[in-house]
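Undergrad: So here's upload_30.cif, just mmCIF, C-alpha atoms and all ligand atoms:
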data_my_file
loop_
_atom_site.label_atom_id
_atom_site.label_comp_id
_atom_site.auth_asym_id
_atom_site.auth_seq_id
_atom_site.Cartn_x
_atom_site.Cartn_y
_atom_site.Cartn_z
CA MET A 26 8.89 34.31 -0.13
CA SER A 27 10.01 36.78 -2.78
CA ILE A 28 10.17 40.49 -2.02
CA PHE A 29 7.51 40.92 -4.71
CA LEU A 30 4.62 38.86 -3.35
CA SER A 31 1.65 40.84 -2.07
CA LYS A 32 1.64 40.88 1.72
CA ASP A 33 -1.92 39.64 2.00
CA LEU A 34 -0.91 36.44 0.18
CA ALA A 35 2.01 35.60 2.47
CA ARG A 36 0.01 32.95 4.26
CA LEU A 37 -2.15 31.71 1.38
CA ALA A 38 -2.59 27.94 1.69
CA PRO A 39 -3.70 26.84 -1.78
CA TYR A 40 -6.33 24.18 -2.37
CA VAL A 41 -4.79 20.73 -2.58
CA PRO A 42 -6.67 18.66 -5.16
CA GLY A 43 -6.68 14.88 -5.03
CA GLU A 44 -3.66 13.29 -6.66
CA GLN A 45 -3.65 13.03 -10.45
CA PRO A 46 -0.73 10.60 -10.77
CA GLN A 47 0.78 10.35 -14.22
CA ASP A 48 3.41 7.74 -13.33
CA ARG A 49 1.47 4.48 -13.07
CA LYS A 50 -2.01 3.14 -13.63
CA TYR A 51 -4.18 3.16 -10.53
CA VAL A 52 -7.77 2.18 -9.98
CA LYS A 53 -8.48 5.86 -9.56
CA LEU A 54 -11.23 6.48 -7.03
CA ASN A 55 -9.96 9.67 -5.40
CA THR A 56 -11.42 12.71 -7.16
CA ASN A 57 -15.06 11.79 -7.84
CA GLU A 58 -14.67 11.67 -11.60
CA SER A 59 -17.14 9.65 -13.64
CA PRO A 60 -15.88 6.24 -14.82
CA TYR A 61 -18.00 6.63 -17.97
CA SER A 62 -17.05 8.48 -21.15
CA PRO A 63 -18.76 11.74 -22.00
CA ALA A 64 -21.97 11.46 -24.07
CA PRO A 65 -20.99 10.38 -27.63
CA GLY A 66 -22.47 13.59 -29.07
CA ALA A 67 -20.31 15.63 -26.70
CA VAL A 68 -17.14 13.91 -27.91
CA ARG A 69 -18.10 14.50 -31.55
CA ALA A 70 -18.94 18.16 -30.89
CA ALA A 71 -15.62 18.81 -29.16
CA ALA A 72 -13.67 17.09 -31.94
CA ALA A 73 -15.43 19.13 -34.62
CA GLN A 74 -14.62 22.36 -32.79
CA ALA A 75 -10.91 21.56 -32.71
CA TRP A 76 -10.77 22.80 -36.31
CA GLU A 77 -12.18 26.16 -35.21
CA LEU A 78 -9.73 26.79 -32.38
CA ASN A 79 -8.25 29.69 -34.32
CA LEU A 80 -11.41 31.59 -33.34
CA TYR A 81 -12.38 32.81 -29.90
CA SER A 82 -15.31 31.15 -28.20
CA ASP A 83 -18.67 32.92 -27.87
CA PRO A 84 -18.21 35.32 -24.91
CA THR A 85 -21.97 35.25 -24.22
CA CYS A 86 -22.05 31.42 -24.08
CA ALA A 87 -25.51 31.77 -25.64
CA PRO A 88 -26.24 28.24 -26.95
CA LEU A 89 -24.79 26.63 -23.84
CA LYS A 90 -26.81 28.87 -21.52
CA ARG A 91 -29.92 28.11 -23.56
CA ALA A 92 -29.35 24.35 -23.21
CA ALA A 93 -28.81 24.62 -19.44
CA ALA A 94 -31.86 26.87 -19.07
CA GLU A 95 -34.02 24.48 -21.09
CA PHE A 96 -32.92 21.56 -18.93
CA TYR A 97 -34.51 23.29 -15.93
CA GLY A 98 -37.27 25.26 -17.67
CA LEU A 99 -35.60 28.63 -17.02
CA SER A 100 -34.57 31.61 -19.11
CA PRO A 101 -30.92 31.92 -20.25
CA ALA A 102 -30.87 35.15 -18.22
CA ASN A 103 -30.99 32.93 -15.12
CA VAL A 104 -27.73 31.17 -16.05
CA MET A 105 -24.04 31.99 -15.95
CA ALA A 106 -21.54 29.54 -17.46
CA GLY A 107 -18.02 29.20 -16.18
CA ASN A 108 -14.73 27.38 -16.56
CA GLY A 109 -15.77 24.79 -13.98
CA SER A 110 -17.90 25.59 -10.97
CA ASP A 111 -14.77 26.53 -9.01
CA GLU A 112 -14.50 29.59 -11.23
CA ASN A 113 -18.18 30.40 -10.73
CA LEU A 114 -17.71 30.09 -6.98
CA ALA A 115 -14.80 32.55 -7.18
CA HIS A 116 -16.99 35.08 -9.03
CA ILE A 117 -19.83 34.59 -6.54
CA PHE A 118 -17.52 35.04 -3.56
CA ARG A 119 -15.95 38.11 -5.17
CA ALA A 120 -19.29 39.65 -6.11
CA PHE A 121 -21.28 39.03 -2.94
CA LEU A 122 -19.09 38.02 0.01
CA THR A 123 -16.04 40.30 0.18
CA ASP A 124 -17.72 42.88 2.41
CA LYS A 125 -20.11 40.56 4.27
CA GLY A 126 -18.22 37.37 5.03
CA VAL A 127 -19.74 33.91 4.81
CA ALA A 128 -20.67 30.92 6.96
CA PHE A 129 -20.37 27.26 5.92
CA PRO A 130 -20.30 23.88 7.68
CA ASP A 131 -17.11 22.73 9.42
CA ILE A 132 -16.94 19.68 7.16
CA THR A 133 -17.52 20.61 3.52
CA TYR A 134 -15.75 21.40 0.26
CA GLY A 135 -12.20 22.53 1.07
CA PHE A 136 -12.19 25.11 -1.70
CA TYR A 137 -14.48 27.50 0.22
CA PRO A 138 -11.96 28.54 2.91
CA VAL A 139 -9.21 28.72 0.29
CA LEU A 140 -11.26 31.15 -1.81
CA CYS A 141 -11.94 33.17 1.32
CA SER A 142 -8.24 33.49 2.07
CA LEU A 143 -7.45 34.44 -1.55
CA LEU A 144 -10.13 37.12 -1.60
CA GLY A 145 -9.75 38.33 1.98
CA ILE A 146 -13.23 37.15 3.00
CA GLU A 147 -13.97 36.48 6.65
CA TYR A 148 -15.62 33.14 7.22
CA ARG A 149 -16.98 31.18 10.10
CA THR A 150 -17.73 27.49 10.26
CA VAL A 151 -20.86 25.95 11.72
CA PRO A 152 -20.35 22.42 13.09
CA LEU A 153 -22.40 19.64 11.55
CA LYS A 154 -24.23 17.42 14.02
CA GLU A 155 -22.54 14.38 15.55
CA ASP A 156 -23.88 12.20 12.69
CA PHE A 157 -22.63 14.78 10.11
CA SER A 158 -26.15 15.93 9.28
CA LEU A 159 -26.85 19.63 8.82
CA ASP A 160 -29.47 21.28 11.04
CA VAL A 161 -30.75 24.40 9.28
CA SER A 162 -31.84 25.90 12.60
CA ASP A 163 -28.10 26.34 13.38
CA TYR A 164 -28.12 29.03 10.68
CA ALA A 165 -31.32 30.82 11.65
CA ALA A 166 -29.62 33.59 13.64
CA LEU A 167 -26.76 34.18 11.17
CA ALA A 168 -26.94 37.44 9.24
CA CYS A 169 -23.97 36.83 6.92
CA PRO A 170 -24.31 34.89 3.63
CA VAL A 171 -24.36 31.10 3.86
CA CYS A 172 -22.75 28.58 1.51
CA ILE A 173 -23.54 24.86 1.61
CA ALA A 174 -22.79 21.93 -0.65
CA ASN A 175 -25.80 19.68 -1.18
CA PRO A 176 -25.21 16.74 -1.11
CA ASN A 177 -22.37 17.77 1.14
CA ALA A 178 -18.79 17.25 0.03
CA GLN A 179 -16.84 14.58 1.93
CA THR A 180 -19.98 13.18 3.64
CA GLY A 181 -22.37 12.67 0.70
CA ILE A 182 -25.29 13.43 2.99
CA CYS A 183 -28.14 15.25 1.25
CA LEU A 184 -30.41 17.81 2.80
CA PRO A 185 -34.04 17.38 1.62
CA GLU A 186 -35.28 20.13 -0.69
CA GLU A 187 -37.78 21.42 1.88
CA LYS A 188 -34.95 21.91 4.39
CA VAL A 189 -32.93 23.84 1.81
CA GLU A 190 -35.97 26.03 1.24
CA GLU A 191 -36.30 26.55 4.98
CA LEU A 192 -32.69 27.76 5.08
CA ILE A 193 -33.32 30.18 2.18
CA ALA A 194 -36.56 31.47 3.69
CA GLN A 195 -35.02 32.10 7.15
CA ASN A 196 -33.92 35.53 5.97
CA GLU A 197 -34.61 36.69 2.43
CA GLY A 198 -32.17 39.55 2.95
CA ARG A 199 -29.37 37.01 3.34
CA LEU A 200 -27.72 35.29 0.35
CA VAL A 201 -27.65 31.48 0.27
CA VAL A 202 -25.31 29.67 -2.14
CA VAL A 203 -26.12 25.99 -2.72
CA ASP A 204 -23.36 24.01 -4.44
CA GLU A 205 -25.08 21.08 -6.17
CA ALA A 206 -21.99 19.37 -7.61
CA TYR A 207 -23.45 15.97 -6.65
CA ILE A 208 -27.19 16.56 -6.85
CA ASP A 209 -27.78 14.34 -9.91
CA PHE A 210 -26.78 11.17 -8.07
CA GLY A 211 -29.76 11.09 -5.75
CA GLY A 212 -30.88 14.50 -4.47
CA GLU A 213 -33.57 16.88 -5.56
CA SER A 214 -32.21 20.09 -7.08
CA CYS A 215 -33.34 23.41 -5.64
CA VAL A 216 -32.75 25.20 -8.96
CA PRO A 217 -36.54 25.70 -9.42
CA LEU A 218 -36.51 27.77 -6.22
CA ILE A 219 -34.59 30.59 -7.95
CA LYS A 220 -37.94 31.66 -9.44
CA LYS A 221 -39.31 32.12 -5.94
CA TYR A 222 -36.30 33.50 -4.03
CA GLY A 223 -34.07 36.43 -4.99
CA ASN A 224 -31.48 35.45 -2.36
CA LEU A 225 -30.54 32.06 -3.84
CA ILE A 226 -27.65 31.06 -6.11
CA VAL A 227 -27.32 27.41 -7.15
CA VAL A 228 -23.99 26.17 -8.49
CA GLN A 229 -23.71 23.06 -10.64
CA THR A 230 -20.90 21.38 -12.55
CA MET A 231 -20.56 19.14 -15.61
CA SER A 232 -17.52 17.51 -13.97
CA LYS A 233 -19.22 14.70 -12.10
CA SER A 234 -22.61 13.54 -13.39
CA ARG A 235 -21.83 14.64 -16.97
CA SER A 236 -18.42 12.97 -17.26
CA LEU A 237 -16.77 16.23 -18.34
CA ALA A 238 -14.27 16.97 -15.53
CA GLY A 239 -11.52 17.61 -18.07
CA ALA A 240 -13.68 20.04 -20.06
CA ARG A 241 -14.13 22.43 -17.09
CA VAL A 242 -17.73 23.63 -17.37
CA GLY A 243 -20.05 24.71 -14.59
CA PHE A 244 -23.13 26.88 -14.06
CA ALA A 245 -24.55 29.35 -11.60
CA PHE A 246 -28.35 29.67 -11.54
CA ALA A 247 -30.07 32.67 -9.93
CA CYS A 248 -32.61 35.43 -10.51
CA GLU A 249 -31.81 37.78 -13.41
CA GLU A 250 -30.48 40.56 -11.22
CA LEU A 251 -27.89 38.38 -9.48
CA VAL A 252 -26.87 36.74 -12.76
CA SER A 253 -26.31 40.11 -14.45
CA GLU A 254 -24.13 41.21 -11.52
CA LEU A 255 -22.18 37.97 -11.76
CA GLU A 256 -21.83 38.35 -15.52
CA ALA A 257 -20.24 41.76 -14.96
CA VAL A 258 -17.60 40.18 -12.70
CA ARG A 259 -17.02 37.34 -15.16
CA ALA A 260 -16.61 39.73 -18.11
CA SER A 261 -14.14 41.79 -16.05
CA PHE A 262 -11.98 38.78 -15.34
CA ASN A 263 -12.05 36.52 -18.42
CA PRO A 264 -14.75 37.16 -21.02
CA TYR A 265 -13.83 34.01 -23.01
CA ASN A 266 -13.83 31.82 -19.94
CA VAL A 267 -15.46 28.75 -21.50
CA ASN A 268 -13.35 27.42 -24.33
CA ARG A 269 -14.81 26.51 -27.71
CA MET A 270 -14.42 22.72 -27.48
CA SER A 271 -15.86 22.53 -23.98
CA MET A 272 -18.76 24.82 -24.79
CA PHE A 273 -20.01 22.64 -27.63
CA ALA A 274 -19.31 19.41 -25.73
CA ALA A 275 -21.30 20.67 -22.74
CA GLU A 276 -24.22 21.79 -24.89
CA ALA A 277 -24.41 18.38 -26.61
CA SER A 278 -24.19 16.63 -23.26
CA LEU A 279 -27.11 18.63 -21.85
CA ARG A 280 -29.23 17.62 -24.83
CA ASP A 281 -28.64 13.88 -24.29
CA ARG A 282 -30.90 13.16 -21.34
CA ALA A 283 -30.98 9.40 -21.89
CA TYR A 284 -27.22 8.95 -21.60
CA PHE A 285 -27.08 11.22 -18.55
CA GLU A 286 -29.83 9.29 -16.81
CA GLU A 287 -28.20 5.96 -17.61
CA CYS A 288 -24.84 7.07 -16.15
CA THR A 289 -26.30 8.54 -12.96
CA ARG A 290 -28.57 5.52 -12.43
CA LYS A 291 -25.62 3.12 -12.81
CA THR A 292 -23.56 5.19 -10.38
CA ALA A 293 -26.32 5.13 -7.76
CA GLU A 294 -26.71 1.36 -8.19
CA VAL A 295 -22.99 0.68 -7.85
CA ARG A 296 -22.87 3.04 -4.84
CA GLU A 297 -25.54 1.06 -2.99
CA TYR A 298 -23.84 -2.22 -3.87
CA THR A 299 -20.45 -0.93 -2.64
CA ALA A 300 -21.94 0.48 0.58
CA ALA A 301 -23.61 -2.86 1.36
CA GLU A 302 -20.35 -4.76 0.73
CA LEU A 303 -18.38 -2.38 2.95
CA ARG A 304 -20.95 -2.65 5.76
CA GLY A 305 -20.68 -6.42 5.40
CA MET A 306 -16.96 -6.09 6.17
CA GLY A 307 -17.66 -4.07 9.29
CA PHE A 308 -17.34 -0.55 7.90
CA ALA A 309 -19.45 2.33 9.12
CA VAL A 310 -20.60 4.04 5.90
CA LEU A 311 -22.33 7.42 5.85
CA PRO A 312 -25.61 7.49 3.88
CA SER A 313 -24.54 9.03 0.55
CA ALA A 314 -26.62 10.57 -2.22
CA ALA A 315 -23.44 11.41 -4.16
CA ASN A 316 -20.92 9.53 -6.32
CA PHE A 317 -18.68 8.69 -3.37
CA LEU A 318 -18.80 7.06 0.05
CA LEU A 319 -17.19 8.11 3.32
CA ALA A 320 -16.38 4.99 5.30
CA ARG A 321 -14.51 4.02 8.45
CA HIS A 322 -13.33 0.72 9.91
CA ALA A 323 -12.47 0.18 13.57
CA ALA A 324 -9.45 -2.00 12.69
CA ALA A 325 -7.74 0.39 10.26
CA GLY A 326 -7.28 4.16 10.45
CA GLY A 327 -8.11 6.32 7.44
CA GLY A 328 -4.50 7.27 6.70
CA ASP A 329 -3.24 3.68 7.01
CA LEU A 330 -6.02 2.34 4.83
CA TYR A 331 -5.33 4.98 2.19
CA LEU A 332 -1.64 4.01 2.07
CA ALA A 333 -2.30 0.26 2.09
CA LEU A 334 -4.78 0.61 -0.77
CA LYS A 335 -2.40 2.83 -2.72
CA ALA A 336 0.31 0.18 -2.39
CA ARG A 337 -2.18 -2.21 -3.98
CA GLY A 338 -2.83 0.16 -6.87
CA VAL A 339 -6.13 1.60 -5.61
CA LEU A 340 -6.28 5.34 -5.06
CA VAL A 341 -8.84 6.73 -2.59
CA ARG A 342 -8.89 10.03 -0.69
CA HIS A 343 -7.98 10.66 2.92
CA PHE A 344 -8.62 13.95 4.74
CA SER A 345 -6.70 14.94 7.84
CA ASP A 346 -9.52 17.09 9.32
CA GLU A 347 -9.98 15.94 12.91
CA ARG A 348 -13.61 14.87 12.49
CA ILE A 349 -13.09 12.70 9.40
CA LYS A 350 -9.47 11.57 9.75
CA ASP A 351 -10.56 8.00 10.55
CA TYR A 352 -12.44 7.75 7.25
CA ILE A 353 -11.55 7.15 3.63
CA ARG A 354 -13.53 8.64 0.80
CA VAL A 355 -13.98 6.39 -2.20
CA SER A 356 -15.41 7.61 -5.48
CA ILE A 357 -17.93 5.36 -7.18
CA GLY A 358 -16.33 3.95 -10.31
CA SER A 359 -17.57 1.22 -12.59
CA ARG A 360 -18.74 -2.07 -11.08
CA GLY A 361 -15.41 -3.63 -12.16
CA GLN A 362 -13.37 -0.89 -10.48
CA MET A 363 -15.37 -1.28 -7.28
CA GLU A 364 -14.75 -5.04 -7.29
CA GLN A 365 -11.02 -4.30 -7.48
CA PHE A 366 -11.37 -1.80 -4.64
CA LEU A 367 -13.39 -4.22 -2.49
CA GLY A 368 -10.87 -7.00 -3.16
CA ALA A 369 -8.01 -4.76 -2.06
CA VAL A 370 -9.92 -3.71 1.07
CA ARG A 371 -10.55 -7.37 1.96
CA ALA A 372 -6.85 -8.14 1.56
CA VAL A 373 -5.81 -5.18 3.73
CA LEU A 374 -8.28 -6.06 6.48
CA LYS A 375 -7.09 -9.65 6.45
CA GLU A 376 -3.55 -8.41 6.95
CA VAL A 377 -4.35 -6.15 9.90
CA THR A 378 -6.80 -8.46 11.64
CA GLY A 379 -4.80 -11.61 10.90
C1 LIG B 1 -16.03 18.87 -7.69
C2 LIG B 1 -16.67 19.97 -6.93
C3 LIG B 1 -16.65 21.28 -7.42
C4 LIG B 1 -15.79 21.68 -8.59
O1 LIG B 1 -16.33 21.42 -9.77
P1 LIG B 1 -15.60 21.91 -11.10
O2 LIG B 1 -16.76 22.25 -11.96
O3 LIG B 1 -14.84 20.73 -11.59
O4 LIG B 1 -14.74 23.09 -10.80
C5 LIG B 1 -17.36 22.24 -6.74
N1 LIG B 1 -18.00 21.96 -5.60
C6 LIG B 1 -17.99 20.72 -5.08
C7 LIG B 1 -18.72 20.46 -3.81
C8 LIG B 1 -17.33 19.70 -5.73
O5 LIG B 1 -17.27 18.50 -5.20
#
Take the structure in this file and express it as structure tokens.
TA:
Amino acid sequence: MSIFLSKDLARLAPYVPGEQPQDRKYVKLNTNESPYSPAPGAVRAAAAQAWELNLYSDPTCAPLKRAAAEFYGLSPANVMAGNGSDENLAHIFRAFLTDKGVAFPDITYGFYPVLCSLLGIEYRTVPLKEDFSLDVSDYAALACPVCIANPNAQTGICLPEEKVEELIAQNEGRLVVVDEAYIDFGGESCVPLIKKYGNLIVVQTMSKSRSLAGARVGFAFACEELVSELEAVRASFNPYNVNRMSMFAAEASLRDRAYFEECTRKTAEVREYTAAELRGMGFAVLPSAANFLLARHAAAGGGDLYLALKARGVLVRHFSDERIKDYIRVSIGSRGQMEQFLGAVRAVLKEVTG
């Protein structure tokens, strides 16, 4: 540690993203990216903007916010746009959690505790049930803000919309942040509830269901008052946070409903196919409404399976958290990619079971 580093960062353990190997070609199923290209209009819009990169992007993100608002029948004043939803989460945590702390499930998106340690936010974790489901009554007595991912990260399990509403309505003086990174693959969004509840912020991203992970665009949806407070934080940190190419690509993507629906439908289909194949091989597979599966096999530990698959050119994700260390998480790629994955899994199982 240098003599210059701030003392409160001495023990900062940064978020560790899934590998992005540049050395060889893998069947890459480890970071929940879409296997499909962005919408054709989004590619064209980004390319056209490359010639305008001498100019700053629109600091109000007006056309992009309008497109996102129209998608959900809201006003642009209910939307903040960010450089990925991770950035929006950082602004939300900074704006609303630094003096109150936050509670989230013990198994969820690993970025939440990292943000807390960066910003000096106290957090507590609430254990999911034995089957990894979330029981909203576990949160009823909590006075501090609550953050959940729905569908949940790592498990894929989705909380029905009426349960999310129950959580929000438990205490309207308590903020609830719902991270809907995976909602388009099978859940029902609670964005419409922002018209009814002033204590709700919904976070969404273009990285997964919109095939724009490399563009870095995400949204926060909330009542006007919360959005204007968030906008003040955003403008104090990086007023040109969404770059010009990404802004136009994201707007075009939001306007192409047909392509979006085709991609998410295909992903859900391939997910169900893959889950059935894995169960056929003896895997326990959690019920997922997302673009990934969490699966475990009695004959092969999660870490071993991850390594054996990597050696065969298939990259999945393994987490060392005690409760999910026996599992692997596999992103849902194209049907062809999943056949390669399933073939590699079959070969590995044959090796270990003889
Ligand atoms: C992928 C993911 C994010 C990050 O999305 P970006 O927009 O790419 O920053 C946020 N939350 C969850 C639960 C995710 O899985």
Undergrad: List all protein, DNA and RNA residues that have any atom at most 8 Å from ligand LIG 1 (chain B), counting all atoms listed in the file, and write the list as an mmCIF file with C-alpha atoms, in the coordinates of the input.
TA:
data_model
loop_
_atom_site.group_PDB
_atom_site.id
_atom_site.type_symbol
_atom_site.label_atom_id
_atom_site.label_comp_id
_atom_site.auth_asym_id
_atom_site.auth_seq_id
_atom_site.Cartn_x
_atom_site.Cartn_y
_atom_site.Cartn_z
ATOM 1 C CA THR A 56 -11.420 12.710 -7.160
ATOM 2 C CA ASN A 57 -15.060 11.790 -7.840
ATOM 3 C CA ASN A 108 -14.730 27.380 -16.560
ATOM 4 C CA GLY A 109 -15.770 24.790 -13.980
ATOM 5 C CA SER A 110 -17.900 25.590 -10.970
ATOM 6 C CA ASP A 111 -14.770 26.530 -9.010
ATOM 7 C CA GLU A 112 -14.500 29.590 -11.230
ATOM 8 C CA LEU A 114 -17.710 30.090 -6.980
ATOM 9 C CA THR A 133 -17.520 20.610 3.520
ATOM 10 C CA TYR A 134 -15.750 21.400 0.260
ATOM 11 C CA PHE A 136 -12.190 25.110 -1.700
ATOM 12 C CA ALA A 174 -22.790 21.930 -0.650
ATOM 13 C CA ASN A 175 -25.800 19.680 -1.180
ATOM 14 C CA PRO A 176 -25.210 16.740 -1.110
ATOM 15 C CA ASN A 177 -22.370 17.770 1.140
ATOM 16 C CA ALA A 178 -18.790 17.250 0.030
ATOM 17 C CA ASP A 204 -23.360 24.010 -4.440
ATOM 18 C CA GLU A 205 -25.080 21.080 -6.170
ATOM 19 C CA ALA A 206 -21.990 19.370 -7.610
ATOM 20 C CA TYR A 207 -23.450 15.970 -6.650
ATOM 21 C CA VAL A 228 -23.990 26.170 -8.490
ATOM 22 C CA GLN A 229 -23.710 23.060 -10.640
ATOM 23 C CA THR A 230 -20.900 21.380 -12.550
ATOM 24 C CA MET A 231 -20.560 19.140 -15.610
ATOM 25 C CA SER A 232 -17.520 17.510 -13.970
ATOM 26 C CA LYS A 233 -19.220 14.700 -12.100
ATOM 27 C CA ALA A 238 -14.270 16.970 -15.530
ATOM 28 C CA GLY A 239 -11.520 17.610 -18.070
ATOM 29 C CA ARG A 241 -14.130 22.430 -17.090
ATOM 30 C CA VAL A 242 -17.730 23.630 -17.370
ATOM 31 C CA GLY A 243 -20.050 24.710 -14.590
#
Undergrad: Which neighbours of range 189-197 of chain A fall inside 6 Å, counting all atoms listed in the file, when residues of the same chain fewer than 4 positions from it are skipped, and could you give them as a ChimeraX atom specification?
TA: /A:161,165,224
Undergrad: Let me make sure I understand: among A:Lys125, A:Arg149, A:Lys50, A:Arg269, which one has the smallest atom-to-atom distance to Ser82 in chain A if we use all atoms listed in the file?
TA: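 Smallest distance to Ser82 in chain A is found for A:Arg269.
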Undergrad: Which residue is closest to Gly305 in chain A? Choose from A:Cys183, A:Leu140, A:Glu347, A:Leu367 and count all atoms listed in the file.
TA: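 Selected residue with least distance to Gly305 in chain A: A:Leu367.
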Undergrad: To one decimal place in Å, what is the distance between CA of Ala70 in chain A and CA of Ala274 in chain A?
TA: 5.3 Å
Undergrad: Looking at all atoms listed in the file, which of A:Ala283, A:Ala38, A:Ala64, A:Ala168 is the one that sits closest to Arg235 in chain A?
TA: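 Smallest separation from Arg235 in chain A among the options: A:Ala64.
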Undergrad: I'd like to know which of A:Val227, A:Leu311, A:Glu213, A:Asp156 is closest to Cys172 in chain A, using only C-alpha atoms.
TA: A:Val227
Undergrad: Neighbouring residues of Phe121 in chain A were defined as those with any atom within 9 Å, considering only C-alpha atoms; residues of the same chain fewer than 5 positions away were excluded. Please report them as a PDB file with C-alpha atoms, in the frame of the given file.
TA:
ATOM      1  CA  HIS A 116     -16.990  35.080  -9.030  1.00  0.00           C
ATOM      2  CA  GLY A 126     -18.220  37.370   5.030  1.00  0.00           C
ATOM      3  CA  PRO A 170     -24.310  34.890   3.630  1.00  0.00           C
ATOM      4  CA  LEU A 200     -27.720  35.290   0.350  1.00  0.00           C
ATOM      5  CA  LEU A 255     -22.180  37.970 -11.760  1.00  0.00           C
TER       6      LEU A 255
END
Undergrad: So the first atom is CA of Glu186 in chain A and the second is CA of Pro217 in chain A; what is the distance between them in Å, to one decimal place?
TA: 10.4 Å
Undergrad: Between CA of Gln362 in chain A and CA of Val339 in chain A, what is the distance, to one decimal in Å?
TA: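 Going from CA of Gln362 in chain A over to CA of Val339 in chain A, I get 9.1 Å.
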